[in-house]
>>> print(open('run-v7.cif').read())   # mmCIF, N, CA and C atoms
data_target
#
loop_
_atom_site.label_atom_id
_atom_site.label_comp_id
_atom_site.auth_asym_id
_atom_site.auth_seq_id
_atom_site.Cartn_x
_atom_site.Cartn_y
_atom_site.Cartn_z
N MET A 1 124.86 94.00 85.07
CA MET A 1 123.45 94.35 85.22
C MET A 1 123.34 95.56 86.13
N LEU A 2 122.40 96.42 85.81
CA LEU A 2 122.10 97.59 86.64
C LEU A 2 120.88 97.31 87.50
N LEU A 3 120.84 97.90 88.68
CA LEU A 3 119.67 97.75 89.55
C LEU A 3 118.40 98.20 88.85
N THR A 4 118.48 99.28 88.06
CA THR A 4 117.30 99.79 87.35
C THR A 4 116.71 98.75 86.40
N GLN A 5 117.51 97.79 85.96
CA GLN A 5 117.00 96.75 85.06
C GLN A 5 116.15 95.73 85.79
N THR A 6 116.16 95.75 87.12
CA THR A 6 115.37 94.80 87.90
C THR A 6 114.03 95.37 88.34
N VAL A 7 113.81 96.66 88.13
CA VAL A 7 112.56 97.30 88.56
C VAL A 7 111.45 96.93 87.59
N GLN A 8 110.33 96.46 88.16
CA GLN A 8 109.19 96.02 87.36
C GLN A 8 108.04 97.02 87.48
N SER A 9 107.18 97.01 86.48
CA SER A 9 106.00 97.86 86.53
C SER A 9 104.83 97.10 85.95
N GLY A 10 103.67 97.68 86.05
CA GLY A 10 102.47 97.04 85.54
C GLY A 10 101.26 97.87 85.92
N ASP A 11 100.11 97.33 85.68
CA ASP A 11 98.86 97.98 86.03
C ASP A 11 98.48 97.54 87.45
N TRP A 12 98.41 98.50 88.39
CA TRP A 12 98.13 98.15 89.78
C TRP A 12 96.77 97.48 89.95
N LYS A 13 95.87 97.63 88.98
CA LYS A 13 94.55 96.98 89.09
C LYS A 13 94.64 95.49 88.82
N ASN A 14 95.71 95.06 88.14
CA ASN A 14 95.87 93.65 87.79
C ASN A 14 97.08 92.99 88.43
N GLU A 15 97.94 93.74 89.07
CA GLU A 15 99.17 93.21 89.65
C GLU A 15 99.30 93.72 91.08
N LYS A 16 99.31 92.81 92.04
CA LYS A 16 99.26 93.20 93.46
C LYS A 16 100.55 93.82 94.00
N HIS A 17 101.61 93.89 93.22
CA HIS A 17 102.87 94.44 93.72
C HIS A 17 103.11 95.90 93.32
N VAL A 18 102.37 96.41 92.35
CA VAL A 18 102.60 97.76 91.83
C VAL A 18 102.05 98.79 92.83
N PRO A 19 102.88 99.75 93.25
CA PRO A 19 102.36 100.76 94.17
C PRO A 19 101.42 101.73 93.46
N GLU A 20 100.30 102.00 94.08
CA GLU A 20 99.36 102.97 93.54
C GLU A 20 99.60 104.31 94.24
N LEU A 21 99.48 105.38 93.48
CA LEU A 21 99.65 106.73 94.01
C LEU A 21 98.37 107.53 93.85
N GLU A 22 98.06 108.34 94.84
CA GLU A 22 96.99 109.32 94.75
C GLU A 22 97.49 110.58 95.43
N TYR A 23 96.98 111.72 95.01
CA TYR A 23 97.34 112.96 95.68
C TYR A 23 96.13 113.86 95.81
N LYS A 24 96.23 114.78 96.77
CA LYS A 24 95.19 115.77 96.98
C LYS A 24 95.89 117.11 97.20
N GLU A 25 95.47 118.13 96.46
CA GLU A 25 96.03 119.47 96.66
C GLU A 25 95.45 120.06 97.94
N LEU A 26 96.33 120.57 98.79
CA LEU A 26 95.90 121.15 100.06
C LEU A 26 95.94 122.67 100.03
N GLY A 27 96.46 123.24 98.93
CA GLY A 27 96.58 124.69 98.80
C GLY A 27 97.97 125.17 99.15
N GLU A 28 98.34 126.33 98.62
CA GLU A 28 99.63 126.97 98.87
C GLU A 28 100.81 126.05 98.53
N GLY A 29 100.66 125.24 97.49
CA GLY A 29 101.74 124.36 97.05
C GLY A 29 101.91 123.10 97.88
N LYS A 30 100.97 122.83 98.79
CA LYS A 30 101.05 121.63 99.62
C LYS A 30 100.23 120.51 99.01
N TYR A 31 100.75 119.29 99.16
CA TYR A 31 100.07 118.10 98.64
C TYR A 31 100.06 117.00 99.69
N GLU A 32 98.96 116.29 99.73
CA GLU A 32 98.89 115.05 100.51
C GLU A 32 99.03 113.92 99.51
N VAL A 33 99.93 113.01 99.76
CA VAL A 33 100.14 111.90 98.84
C VAL A 33 99.91 110.58 99.59
N SER A 34 99.21 109.66 98.92
CA SER A 34 98.99 108.32 99.45
C SER A 34 99.67 107.33 98.52
N ALA A 35 100.36 106.39 99.10
CA ALA A 35 101.01 105.32 98.34
C ALA A 35 100.64 104.00 99.00
N PHE A 36 100.16 103.06 98.18
CA PHE A 36 99.79 101.77 98.76
C PHE A 36 99.92 100.66 97.74
N VAL A 37 100.06 99.46 98.26
CA VAL A 37 100.17 98.26 97.43
C VAL A 37 99.02 97.35 97.81
N GLY A 38 98.30 96.86 96.80
CA GLY A 38 97.25 95.89 97.05
C GLY A 38 95.87 96.46 97.20
N LYS A 39 95.58 97.60 96.63
CA LYS A 39 94.24 98.18 96.76
C LYS A 39 93.20 97.31 96.06
N GLU A 40 93.46 96.92 94.82
CA GLU A 40 92.51 96.10 94.06
C GLU A 40 92.71 94.60 94.31
N ILE A 41 93.97 94.18 94.41
CA ILE A 41 94.30 92.77 94.67
C ILE A 41 95.16 92.76 95.92
N ALA A 42 94.65 92.25 97.02
CA ALA A 42 95.36 92.29 98.30
C ALA A 42 96.67 91.52 98.23
N HIS A 43 97.69 92.10 98.85
CA HIS A 43 98.98 91.43 98.99
C HIS A 43 98.96 90.68 100.31
N PRO A 44 99.53 89.46 100.40
CA PRO A 44 99.40 88.65 101.62
C PRO A 44 100.03 89.27 102.88
N ASN A 45 101.19 89.89 102.76
CA ASN A 45 101.88 90.52 103.90
C ASN A 45 102.08 89.57 105.08
N THR A 46 102.55 88.38 104.76
CA THR A 46 102.94 87.42 105.78
C THR A 46 104.45 87.48 105.96
N LEU A 47 104.97 86.79 106.94
CA LEU A 47 106.41 86.74 107.15
C LEU A 47 107.11 86.22 105.89
N GLU A 48 106.49 85.24 105.24
CA GLU A 48 107.09 84.63 104.06
C GLU A 48 106.98 85.49 102.80
N HIS A 49 105.97 86.35 102.72
CA HIS A 49 105.70 87.12 101.49
C HIS A 49 105.09 88.46 101.88
N HIS A 50 105.89 89.53 101.80
CA HIS A 50 105.40 90.83 102.27
C HIS A 50 106.03 92.00 101.52
N ILE A 51 105.36 93.14 101.61
CA ILE A 51 105.91 94.40 101.14
C ILE A 51 106.70 94.98 102.31
N ALA A 52 107.98 95.17 102.12
CA ALA A 52 108.85 95.66 103.20
C ALA A 52 108.84 97.18 103.30
N TRP A 53 108.75 97.87 102.14
CA TRP A 53 108.78 99.32 102.16
C TRP A 53 108.22 99.92 100.88
N ILE A 54 107.86 101.21 100.99
CA ILE A 54 107.46 102.03 99.85
C ILE A 54 108.20 103.36 99.99
N LYS A 55 108.78 103.82 98.91
CA LYS A 55 109.42 105.14 98.86
C LYS A 55 108.68 105.99 97.83
N VAL A 56 108.53 107.27 98.12
CA VAL A 56 107.86 108.19 97.21
C VAL A 56 108.84 109.32 96.86
N PHE A 57 108.94 109.60 95.56
CA PHE A 57 109.82 110.63 95.05
C PHE A 57 109.00 111.65 94.26
N PHE A 58 109.56 112.84 94.07
CA PHE A 58 108.91 113.89 93.30
C PHE A 58 109.95 114.57 92.43
N ILE A 59 109.60 114.77 91.15
CA ILE A 59 110.43 115.56 90.25
C ILE A 59 109.58 116.74 89.79
N PRO A 60 109.98 117.97 90.17
CA PRO A 60 109.22 119.14 89.72
C PRO A 60 109.40 119.37 88.22
N GLU A 61 108.43 120.02 87.60
CA GLU A 61 108.54 120.36 86.19
C GLU A 61 109.87 121.04 85.92
N GLY A 62 110.58 120.58 84.89
CA GLY A 62 111.87 121.15 84.55
C GLY A 62 113.02 120.60 85.37
N GLY A 63 112.72 119.80 86.38
CA GLY A 63 113.76 119.21 87.22
C GLY A 63 114.39 118.00 86.56
N LYS A 64 115.58 117.65 87.00
CA LYS A 64 116.28 116.51 86.41
C LYS A 64 116.36 115.32 87.36
N LEU A 65 116.37 115.59 88.65
CA LEU A 65 116.58 114.51 89.62
C LEU A 65 115.40 114.40 90.57
N PRO A 66 115.09 113.17 90.98
CA PRO A 66 114.01 112.98 91.95
C PRO A 66 114.43 113.40 93.35
N VAL A 67 113.47 113.88 94.11
CA VAL A 67 113.66 114.21 95.53
C VAL A 67 112.80 113.23 96.32
N GLU A 68 113.39 112.54 97.28
CA GLU A 68 112.62 111.62 98.11
C GLU A 68 111.77 112.43 99.07
N VAL A 69 110.44 112.27 98.99
CA VAL A 69 109.54 113.01 99.86
C VAL A 69 108.93 112.13 100.95
N ALA A 70 109.08 110.81 100.83
CA ALA A 70 108.55 109.93 101.85
C ALA A 70 109.22 108.56 101.78
N ASN A 71 109.33 107.93 102.94
CA ASN A 71 109.93 106.61 103.06
C ASN A 71 109.17 105.87 104.15
N TYR A 72 108.49 104.80 103.77
CA TYR A 72 107.66 104.06 104.71
C TYR A 72 108.15 102.62 104.82
N ASN A 73 108.39 102.17 106.05
CA ASN A 73 108.81 100.79 106.30
C ASN A 73 107.69 100.06 107.01
N PHE A 74 107.43 98.85 106.57
CA PHE A 74 106.37 98.03 107.17
C PHE A 74 107.04 96.81 107.82
N SER A 75 106.86 96.66 109.12
CA SER A 75 107.63 95.63 109.81
C SER A 75 106.80 94.57 110.52
N ALA A 76 105.48 94.68 110.54
CA ALA A 76 104.65 93.65 111.18
C ALA A 76 104.14 92.69 110.11
N HIS A 77 104.76 91.53 110.04
CA HIS A 77 104.41 90.55 109.01
C HIS A 77 103.95 89.24 109.64
N GLY A 78 103.13 89.34 110.66
CA GLY A 78 102.57 88.16 111.29
C GLY A 78 103.03 87.93 112.71
N GLU A 79 103.95 88.75 113.21
CA GLU A 79 104.36 88.61 114.60
C GLU A 79 103.15 88.82 115.49
N SER A 80 102.89 87.90 116.39
CA SER A 80 101.73 87.96 117.29
C SER A 80 100.44 88.18 116.52
N GLU A 81 100.38 87.64 115.30
CA GLU A 81 99.21 87.75 114.42
C GLU A 81 98.86 89.21 114.11
N ILE A 82 99.87 90.06 113.99
CA ILE A 82 99.70 91.45 113.59
C ILE A 82 100.33 91.60 112.22
N TYR A 83 99.59 92.20 111.29
CA TYR A 83 100.04 92.31 109.91
C TYR A 83 100.00 93.76 109.44
N SER A 84 101.09 94.22 108.83
CA SER A 84 101.12 95.57 108.27
C SER A 84 100.27 95.63 107.01
N THR A 85 99.66 96.77 106.80
CA THR A 85 98.99 97.07 105.53
C THR A 85 99.91 98.04 104.80
N PRO A 86 100.38 97.70 103.61
CA PRO A 86 101.33 98.58 102.92
C PRO A 86 100.64 99.81 102.33
N LYS A 87 100.28 100.72 103.21
CA LYS A 87 99.64 101.97 102.83
C LYS A 87 100.26 103.07 103.68
N ALA A 88 100.56 104.19 103.05
CA ALA A 88 101.15 105.30 103.77
C ALA A 88 100.64 106.61 103.21
N VAL A 89 100.52 107.61 104.08
CA VAL A 89 100.05 108.93 103.69
C VAL A 89 101.02 109.95 104.25
N GLY A 90 101.38 110.93 103.43
CA GLY A 90 102.28 111.99 103.87
C GLY A 90 101.97 113.28 103.15
N GLU A 91 102.66 114.35 103.55
CA GLU A 91 102.47 115.66 102.93
C GLU A 91 103.82 116.24 102.54
N PHE A 92 103.81 117.06 101.48
CA PHE A 92 105.00 117.81 101.10
C PHE A 92 104.56 119.10 100.42
N LYS A 93 105.50 120.03 100.29
CA LYS A 93 105.23 121.30 99.65
C LYS A 93 106.20 121.46 98.49
N ALA A 94 105.68 121.95 97.35
CA ALA A 94 106.51 122.17 96.17
C ALA A 94 106.06 123.44 95.47
N ASP A 95 107.01 124.18 94.92
CA ASP A 95 106.70 125.42 94.22
C ASP A 95 106.15 125.17 92.83
N LYS A 96 106.39 123.98 92.28
CA LYS A 96 105.95 123.65 90.92
C LYS A 96 105.17 122.35 90.91
N LYS A 97 104.37 122.16 89.87
CA LYS A 97 103.74 120.86 89.63
C LYS A 97 104.86 119.92 89.20
N GLY A 98 104.54 118.64 89.02
CA GLY A 98 105.57 117.69 88.61
C GLY A 98 105.03 116.28 88.59
N THR A 99 105.92 115.32 88.82
CA THR A 99 105.55 113.91 88.76
C THR A 99 105.96 113.21 90.04
N LEU A 100 105.03 112.43 90.58
CA LEU A 100 105.28 111.56 91.73
C LEU A 100 105.73 110.20 91.21
N PHE A 101 106.65 109.58 91.93
CA PHE A 101 107.10 108.22 91.62
C PHE A 101 107.04 107.42 92.91
N ALA A 102 106.60 106.18 92.82
CA ALA A 102 106.62 105.28 93.97
C ALA A 102 107.42 104.05 93.61
N LEU A 103 108.18 103.57 94.58
CA LEU A 103 108.97 102.35 94.44
C LEU A 103 108.64 101.49 95.65
N SER A 104 108.24 100.24 95.41
CA SER A 104 107.93 99.34 96.52
C SER A 104 108.82 98.10 96.40
N TYR A 105 109.01 97.43 97.55
CA TYR A 105 109.86 96.25 97.57
C TYR A 105 109.13 95.08 98.21
N CYS A 106 108.96 94.01 97.43
CA CYS A 106 108.40 92.74 97.92
C CYS A 106 109.58 91.81 98.18
N ASN A 107 109.58 91.15 99.32
CA ASN A 107 110.71 90.30 99.67
C ASN A 107 110.87 89.10 98.72
N ILE A 108 109.85 88.73 97.97
CA ILE A 108 109.95 87.62 97.02
C ILE A 108 110.04 88.11 95.58
N HIS A 109 109.26 89.13 95.23
CA HIS A 109 109.14 89.54 93.83
C HIS A 109 109.89 90.83 93.48
N GLY A 110 110.66 91.37 94.42
CA GLY A 110 111.56 92.48 94.12
C GLY A 110 110.94 93.85 94.07
N LEU A 111 111.55 94.70 93.23
CA LEU A 111 111.19 96.11 93.13
C LEU A 111 110.10 96.36 92.10
N TRP A 112 109.18 97.27 92.45
CA TRP A 112 108.06 97.63 91.57
C TRP A 112 107.92 99.14 91.59
N GLU A 113 107.53 99.72 90.44
CA GLU A 113 107.40 101.17 90.36
C GLU A 113 106.10 101.60 89.69
N ASN A 114 105.77 102.87 89.94
CA ASN A 114 104.64 103.50 89.29
C ASN A 114 104.87 105.01 89.38
N SER A 115 104.13 105.76 88.57
CA SER A 115 104.25 107.21 88.61
C SER A 115 102.89 107.86 88.37
N LEU A 116 102.79 109.13 88.76
CA LEU A 116 101.55 109.88 88.61
C LEU A 116 101.91 111.35 88.47
N GLU A 117 101.40 111.97 87.41
CA GLU A 117 101.67 113.38 87.17
C GLU A 117 100.73 114.24 88.01
N ILE A 118 101.28 115.25 88.67
CA ILE A 118 100.47 116.24 89.36
C ILE A 118 100.17 117.32 88.36
N LYS A 119 98.89 117.50 88.05
CA LYS A 119 98.47 118.45 87.01
C LYS A 119 97.94 119.73 87.60
#
>>> encode(input="run-v7.cif", output="structure tokens")
Amino acid sequence: MLLTQTVQSGDWKNEKHVPELEYKELGEGKYEVSAFVGKEIAHPNTLEHHIAWIKVFFIPEGGKLPVEVANYNFSAHGESEIYSTPKAVGEFKADKKGTLFALSYCNIHGLWENSLEIK
């Protein structure tokens, strides 16, 4: 079995594990990207059931391999009644348009992916 065979996807509006992506053009090839899990259906984020991390990748038009542009770890899962919200915002610069990819990890339900084309 390959790890890629374990990655799940779905509609983030109906499945609380799928990472949602949004971007905003900042000008001069710069982009602000937001990645989050649970926008429409909240994820519990307890010690027993939580999103541990989200990674964001970008493949420019004509490119073959993804470049990791962000890596977010969420570590507060109920310690002292503090809970992480699996949402992260970052910026990157690219000379070309392309496609964003997000990969999230739930400690119970595994890996989940989504993508969004920058037009």
>>> resolve_selection(input="run-v7.cif", expression="the PyMOL selection byres (((chain A and resi 61-67 and name CA) around 10) and name CA)", output="NGL selection string")
:A and (56-60 or 68-70 or 95-101 or 117-118)
>>> closest_residue(input="run-v7.cif", among="A:His17, A:Lys24, A:His109, A:Lys30", to="Ala94 (chain A)", atoms="only N, CA and C atoms")
A:Lys30
>>> select_by_dssp(input="run-v7.cif", residues="chain A", states="strand (DSSP E or B)", output="PyMOL selection string")
chain A and resi 8+19-27+30-37+51-60+67-73+77+83+87-93+98-106+110-118
>>> resolve_selection(input="run-v7.cif", expression="the PyMOL selection byres (((chain A and resi 4 and name CA) around 12) and name CA)", output="VMD selection string")
chain A and resid 1 to 3 5 to 9 103 110 to 113
>>> atom_distance(input="run-v7.cif", atom1="CA of His77 (chain A)", atom2="CA of Glu91 (chain A)")
25.9 Å
>>> residues_around(input="run-v7.cif", residues="Thr85 (chain A)", least_positions_apart="3", cutoff="7 Å", atoms="all atoms listed in the file", output="ChimeraX atom specification")
/A:37,74,76,88
>>> atom_distance(input="run-v7.cif", atom1="CA of Ala35 (chain A)", atom2="atom N of Ser80 (chain A)")
25.2 Å
>>> atom_distance(input="run-v7.cif", atom1="CA of Glu22 (chain A)", atom2="CA of Glu40 (chain A)")
14.0 Å
>>> decode(input="run-v7.cif", residues="region 45-87 of chain A", atoms="N, CA and C atoms", output="CSV table (one decimal), in the first residue's frame")
chain,number,residue,atom,x,y,z
A,45,ASN,N,-11.7,19.0,18.0
A,45,ASN,CA,-10.4,19.4,18.5
A,45,ASN,C,-10.2,19.2,20.0
A,46,THR,N,-10.6,18.0,20.4
A,46,THR,CA,-10.3,17.6,21.8
A,46,THR,C,-9.0,16.8,21.8
A,47,LEU,N,-8.6,16.4,23.0
A,47,LEU,CA,-7.4,15.5,23.1
A,47,LEU,C,-7.6,14.2,22.4
A,48,GLU,N,-8.9,13.7,22.5
A,48,GLU,CA,-9.2,12.4,21.9
A,48,GLU,C,-9.4,12.5,20.4
A,49,HIS,N,-9.8,13.7,19.8
A,49,HIS,CA,-10.2,13.8,18.4
A,49,HIS,C,-9.8,15.2,18.0
A,50,HIS,N,-8.7,15.3,17.2
A,50,HIS,CA,-8.3,16.7,16.8
A,50,HIS,C,-7.5,16.7,15.5
A,51,ILE,N,-7.5,17.9,14.9
A,51,ILE,CA,-6.6,18.1,13.7
A,51,ILE,C,-5.3,18.5,14.3
A,52,ALA,N,-4.3,17.7,13.9
A,52,ALA,CA,-2.9,17.9,14.4
A,52,ALA,C,-2.1,19.0,13.6
A,53,TRP,N,-2.4,18.9,12.2
A,53,TRP,CA,-1.6,19.9,11.4
A,53,TRP,C,-2.3,20.1,10.0
A,54,ILE,N,-1.9,21.1,9.4
A,54,ILE,CA,-2.3,21.4,8.0
A,54,ILE,C,-1.1,21.9,7.3
A,55,LYS,N,-0.9,21.3,6.1
A,55,LYS,CA,0.3,21.7,5.2
A,55,LYS,C,-0.3,22.3,3.9
A,56,VAL,N,0.3,23.3,3.4
A,56,VAL,CA,-0.2,24.0,2.1
A,56,VAL,C,1.0,23.9,1.1
A,57,PHE,N,0.6,23.4,-0.1
A,57,PHE,CA,1.6,23.3,-1.2
A,57,PHE,C,1.1,24.1,-2.3
A,58,PHE,N,2.0,24.5,-3.3
A,58,PHE,CA,1.7,25.2,-4.5
A,58,PHE,C,2.5,24.6,-5.6
A,59,ILE,N,1.7,24.4,-6.7
A,59,ILE,CA,2.4,24.0,-8.0
A,59,ILE,C,2.1,25.1,-9.0
A,60,PRO,N,3.2,25.8,-9.5
A,60,PRO,CA,2.9,26.8,-10.5
A,60,PRO,C,2.6,26.2,-11.8
A,61,GLU,N,1.9,27.0,-12.7
A,61,GLU,CA,1.5,26.5,-14.0
A,61,GLU,C,2.7,26.0,-14.7
A,62,GLY,N,2.6,24.8,-15.3
A,62,GLY,CA,3.7,24.2,-16.0
A,62,GLY,C,4.7,23.4,-15.1
A,63,GLY,N,4.5,23.5,-13.8
A,63,GLY,CA,5.4,22.9,-12.8
A,63,GLY,C,5.0,21.4,-12.6
A,64,LYS,N,5.9,20.6,-12.2
A,64,LYS,CA,5.7,19.2,-12.0
A,64,LYS,C,5.6,18.8,-10.5
A,65,LEU,N,6.3,19.5,-9.6
A,65,LEU,CA,6.3,19.1,-8.2
A,65,LEU,C,5.8,20.2,-7.3
A,66,PRO,N,5.1,19.8,-6.3
A,66,PRO,CA,4.6,20.8,-5.3
A,66,PRO,C,5.7,21.4,-4.5
A,67,VAL,N,5.5,22.6,-4.1
A,67,VAL,CA,6.4,23.3,-3.2
A,67,VAL,C,5.7,23.6,-1.9
A,68,GLU,N,6.2,23.2,-0.8
A,68,GLU,CA,5.5,23.5,0.5
A,68,GLU,C,5.7,25.0,0.8
A,69,VAL,N,4.5,25.7,0.9
A,69,VAL,CA,4.6,27.1,1.2
A,69,VAL,C,4.1,27.4,2.7
A,70,ALA,N,3.6,26.4,3.4
A,70,ALA,CA,3.2,26.6,4.8
A,70,ALA,C,3.0,25.3,5.5
A,71,ASN,N,3.3,25.3,6.8
A,71,ASN,CA,3.1,24.2,7.6
A,71,ASN,C,2.7,24.6,9.0
A,72,TYR,N,1.5,24.2,9.4
A,72,TYR,CA,0.9,24.7,10.6
A,72,TYR,C,0.6,23.5,11.5
A,73,ASN,N,1.1,23.6,12.8
A,73,ASN,CA,0.9,22.6,13.8
A,73,ASN,C,-0.1,23.1,14.9
A,74,PHE,N,-1.0,22.3,15.3
A,74,PHE,CA,-2.0,22.7,16.3
A,74,PHE,C,-1.8,21.8,17.5
A,75,SER,N,-1.4,22.4,18.6
A,75,SER,CA,-1.0,21.6,19.8
A,75,SER,C,-1.9,21.7,21.0
A,76,ALA,N,-2.8,22.7,21.1
A,76,ALA,CA,-3.7,22.8,22.2
A,76,ALA,C,-5.0,22.1,22.0
A,77,HIS,N,-5.1,20.9,22.6
A,77,HIS,CA,-6.3,20.0,22.4
A,77,HIS,C,-7.0,19.8,23.7
A,78,GLY,N,-7.1,20.8,24.5
A,78,GLY,CA,-7.9,20.7,25.8
A,78,GLY,C,-7.0,20.9,27.0
A,79,GLU,N,-5.7,21.0,26.8
A,79,GLU,CA,-4.9,21.3,28.0
A,79,GLU,C,-5.3,22.6,28.7
A,80,SER,N,-5.6,22.5,30.0
A,80,SER,CA,-6.1,23.7,30.7
A,80,SER,C,-7.3,24.3,30.0
A,81,GLU,N,-8.1,23.5,29.4
A,81,GLU,CA,-9.3,23.9,28.7
A,81,GLU,C,-9.0,24.9,27.6
A,82,ILE,N,-7.9,24.8,26.9
A,82,ILE,CA,-7.5,25.6,25.8
A,82,ILE,C,-7.5,24.7,24.6
A,83,TYR,N,-8.2,25.2,23.5
A,83,TYR,CA,-8.4,24.3,22.3
A,83,TYR,C,-7.9,25.1,21.1
A,84,SER,N,-7.1,24.4,20.2
A,84,SER,CA,-6.7,25.0,19.0
A,84,SER,C,-7.9,25.1,18.0
A,85,THR,N,-7.9,26.1,17.2
A,85,THR,CA,-8.8,26.1,16.0
A,85,THR,C,-7.9,25.9,14.8
A,86,PRO,N,-8.2,24.8,14.0
A,86,PRO,CA,-7.4,24.5,12.9
A,86,PRO,C,-7.6,25.5,11.7
A,87,LYS,N,-7.0,26.6,11.9
A,87,LYS,CA,-7.1,27.7,10.9
A,87,LYS,C,-5.7,28.4,10.9
